[in-house]
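> Below: one structure in structure tokens.
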Amino acid sequence: MVEYVFTLEDLARVRFAISPTWELAMSLRALARPATAGVHLEWVLAARELPGLAGLDLRPALALLSRADYTPDFLTPPPESPLTSVQEGLDQIARTPVKHVLREVALVAKRSRAAELPAFLEHPRRELNRLVAALATYWERVVEPSWPRVRALLDADIARRSRRVAEQGAGAELSDLHPGIRWSRDRLCVPVSLQSTVALAGRGLLLVPSAFSWAGPVAVTAEAWQPTLVYPARGVGLLWEAGVRADEAVGRLIGGTRARMLEALAAPISTTELSRRMGITPSATSQHLKTLAGAGLVSRSRAGREVLYLRTPLAEALLDPPPTM
């Protein structure tokens, strides 16, 4: 059990972010151990058939992931911003101080005999650079084709929880991250194998939804890193479901383009970025947004010089209607 101890300042500094490097590492672990892939088995079987996987040397990365009960934090650094890209995450890995690499690799080596680990201990900077290059290629060939689908799931989770934090406060939402997590007075109790009490002391807590960490939460507590809690994203069990997609069904009602826009608006986004994602002109995007806003399906707010759009609770209900009794 890990207990994060909060002050009022820490409650105010609770924030959400997506970690592409976390998903990268956990997808690699699932790929290496299909028996433990669970809800991602369909993805694993498809990924193993990708031609780009052949000839890619992932043994050093798999050596670092060889302990089921421990993942080196330098391999999955807490994201520095809510919108950290995979390249920024890989750059974080590449900048890891050697002392951190040595300490965390030594922890892996205590319970793993992977042949690639001694090289990290003898030449940490060289091996770190090789690792980053291999992970970048793995992302491009294996993970990136599925990333829009995974990203949409994570964006939707954050959008929903952020609204609840604004409406009910951080404490109420913290206790709803996972059935085993509970909020008690000034602390968050997380059911993991590690035994630790972490005084946040004004640092706040970073909350990271995950698709590939689907079985339970993961706590990052080491002093070198921002205190972080990784938790299974809402709806992850349906991530790879086949059948009629929500945007296809809703598209019959409001049109395919507008339905896809609602799917993309799980998190605040500007007209320019939405236009880029949709592959249509900014003027057409603006017109569709105006129509959706008029129907009460999209809200808008200003952030500096940009206007950001977000789907409303009415749109959420349209895309994910409650079950009938």
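Every chain in the structure tokens takes a letter, A first, then B, and so on in the order presented; its residues are numbered from 1, and the ligands are numbered from 1 following the presented order.
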Quick one: pick out all alpha helix (DSSP H) residues within segment 151-243 of chain A from a backbone DSSP run and write them as a list of chain:residue names.

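The alpha helix (DSSP H) residues within segment 151-243 of chain A come out as A:Arg151, A:Ala152, A:Leu153, A:Leu154, A:Asp155, A:Ala156, A:Asp157, A:Ile158, A:Ala159, A:Arg160, A:Arg161, A:Ser162, A:Arg163, A:Arg164, A:Val165, A:Ala166, A:Glu167, A:Gln168, A:Ala170, A:Gly171, A:Ala172, A:Glu173, A:Leu174.
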
> Go ahead and save the residues from that selection, with N, CA and C atoms, as a PDB file, in the first residue's frame.


```pdb
ATOM      1  N   ARG A 151      -5.356   7.294 -27.802  1.00  0.00           N
ATOM      2  CA  ARG A 151      -5.352   8.687 -27.354  1.00  0.00           C
ATOM      3  C   ARG A 151      -6.780   9.182 -27.114  1.00  0.00           C
ATOM      4  N   ALA A 152      -7.717   8.800 -27.983  1.00  0.00           N
ATOM      5  CA  ALA A 152      -9.102   9.224 -27.812  1.00  0.00           C
ATOM      6  C   ALA A 152      -9.673   8.696 -26.494  1.00  0.00           C
ATOM      7  N   LEU A 153      -9.338   7.460 -26.153  1.00  0.00           N
ATOM      8  CA  LEU A 153      -9.788   6.880 -24.885  1.00  0.00           C
ATOM      9  C   LEU A 153      -9.233   7.670 -23.702  1.00  0.00           C
ATOM     10  N   LEU A 154      -7.937   7.973 -23.740  1.00  0.00           N
ATOM     11  CA  LEU A 154      -7.292   8.694 -22.642  1.00  0.00           C
ATOM     12  C   LEU A 154      -7.798  10.126 -22.544  1.00  0.00           C
ATOM     13  N   ASP A 155      -7.982  10.790 -23.693  1.00  0.00           N
ATOM     14  CA  ASP A 155      -8.521  12.152 -23.696  1.00  0.00           C
ATOM     15  C   ASP A 155      -9.913  12.182 -23.076  1.00  0.00           C
ATOM     16  N   ALA A 156     -10.742  11.201 -23.439  1.00  0.00           N
ATOM     17  CA  ALA A 156     -12.111  11.160 -22.915  1.00  0.00           C
ATOM     18  C   ALA A 156     -12.107  10.969 -21.406  1.00  0.00           C
ATOM     19  N   ASP A 157     -11.212  10.126 -20.913  1.00  0.00           N
ATOM     20  CA  ASP A 157     -11.125   9.901 -19.471  1.00  0.00           C
ATOM     21  C   ASP A 157     -10.758  11.194 -18.748  1.00  0.00           C
ATOM     22  N   ILE A 158      -9.755  11.882 -19.261  1.00  0.00           N
ATOM     23  CA  ILE A 158      -9.312  13.122 -18.615  1.00  0.00           C
ATOM     24  C   ILE A 158     -10.389  14.194 -18.672  1.00  0.00           C
ATOM     25  N   ALA A 159     -11.064  14.317 -19.826  1.00  0.00           N
ATOM     26  CA  ALA A 159     -12.104  15.339 -19.957  1.00  0.00           C
ATOM     27  C   ALA A 159     -13.218  15.103 -18.939  1.00  0.00           C
ATOM     28  N   ARG A 160     -13.632  13.872 -18.799  1.00  0.00           N
ATOM     29  CA  ARG A 160     -14.712  13.542 -17.849  1.00  0.00           C
ATOM     30  C   ARG A 160     -14.276  13.822 -16.417  1.00  0.00           C
ATOM     31  N   ARG A 161     -13.081  13.370 -16.062  1.00  0.00           N
ATOM     32  CA  ARG A 161     -12.625  13.530 -14.680  1.00  0.00           C
ATOM     33  C   ARG A 161     -12.313  14.987 -14.355  1.00  0.00           C
ATOM     34  N   SER A 162     -11.804  15.718 -15.307  1.00  0.00           N
ATOM     35  CA  SER A 162     -11.510  17.135 -15.069  1.00  0.00           C
ATOM     36  C   SER A 162     -12.793  17.906 -14.780  1.00  0.00           C
ATOM     37  N   ARG A 163     -13.857  17.577 -15.491  1.00  0.00           N
ATOM     38  CA  ARG A 163     -15.135  18.231 -15.223  1.00  0.00           C
ATOM     39  C   ARG A 163     -15.618  17.909 -13.814  1.00  0.00           C
ATOM     40  N   ARG A 164     -15.436  16.649 -13.388  1.00  0.00           N
ATOM     41  CA  ARG A 164     -15.884  16.260 -12.053  1.00  0.00           C
ATOM     42  C   ARG A 164     -15.052  16.930 -10.967  1.00  0.00           C
ATOM     43  N   VAL A 165     -13.761  17.104 -11.216  1.00  0.00           N
ATOM     44  CA  VAL A 165     -12.924  17.818 -10.250  1.00  0.00           C
ATOM     45  C   VAL A 165     -13.414  19.252 -10.102  1.00  0.00           C
ATOM     46  N   ALA A 166     -13.754  19.883 -11.226  1.00  0.00           N
ATOM     47  CA  ALA A 166     -14.244  21.264 -11.180  1.00  0.00           C
ATOM     48  C   ALA A 166     -15.577  21.353 -10.450  1.00  0.00           C
ATOM     49  N   GLU A 167     -16.414  20.320 -10.604  1.00  0.00           N
ATOM     50  CA  GLU A 167     -17.753  20.353 -10.011  1.00  0.00           C
ATOM     51  C   GLU A 167     -17.763  19.896  -8.550  1.00  0.00           C
ATOM     52  N   GLN A 168     -16.959  18.860  -8.216  1.00  0.00           N
ATOM     53  CA  GLN A 168     -17.059  18.232  -6.906  1.00  0.00           C
ATOM     54  C   GLN A 168     -15.788  18.335  -6.061  1.00  0.00           C
ATOM     55  N   ALA A 170     -11.264  17.804  -5.935  1.00  0.00           N
ATOM     56  CA  ALA A 170     -10.308  16.739  -6.242  1.00  0.00           C
ATOM     57  C   ALA A 170     -10.513  15.504  -5.376  1.00  0.00           C
ATOM     58  N   GLY A 171     -10.870  15.687  -4.108  1.00  0.00           N
ATOM     59  CA  GLY A 171     -11.008  14.551  -3.203  1.00  0.00           C
ATOM     60  C   GLY A 171     -12.011  13.544  -3.686  1.00  0.00           C
ATOM     61  N   ALA A 172     -13.167  14.004  -4.161  1.00  0.00           N
ATOM     62  CA  ALA A 172     -14.210  13.105  -4.646  1.00  0.00           C
ATOM     63  C   ALA A 172     -13.741  12.308  -5.851  1.00  0.00           C
ATOM     64  N   GLU A 173     -13.008  12.946  -6.738  1.00  0.00           N
ATOM     65  CA  GLU A 173     -12.559  12.246  -7.942  1.00  0.00           C
ATOM     66  C   GLU A 173     -11.415  11.291  -7.644  1.00  0.00           C
ATOM     67  N   LEU A 174     -10.551  11.634  -6.710  1.00  0.00           N
ATOM     68  CA  LEU A 174      -9.426  10.761  -6.375  1.00  0.00           C
ATOM     69  C   LEU A 174      -9.900   9.389  -5.909  1.00  0.00           C
TER      70      LEU A 174
END
```

> Leaving out Pro227 of chain A and any residue of its chain fewer than 3 positions from it, which residues lie within 8 Å of it when counting only C-alpha atoms, given as a ChimeraX atom specification?

/A:200,203-206,219-222

> Could you tell me how far atom CA of Glu104 of chain A lies from atom CA of Asp73 of chain A, in Å and to one decimal?

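Taking atom CA of Glu104 of chain A as the start and atom CA of Asp73 of chain A as the end point, the length is 7.4 Å.
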
> For atom CA of Leu41 of chain A and atom CA of Ala54 of chain A, quote the distance in Å rounded to one decimal.

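Result for atom CA of Leu41 of chain A versus atom CA of Ala54 of chain A: 19.3 Å, one decimal.
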
> Can you tell me, as a count of residues only, what residues are no more than 7 Å from Ala17 of chain A when counting only C-alpha atoms, ignoring any on the same chain fewer than 5 positions away?

6

> Which one of A:Thr257, A:Thr228, A:Ser112, A:Leu297 sits closest to Gly279 of chain A if you count only C-alpha atoms?

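Among A:Thr257, A:Thr228, A:Ser112, A:Leu297, it is A:Thr257 that comes nearest to Gly279 of chain A.
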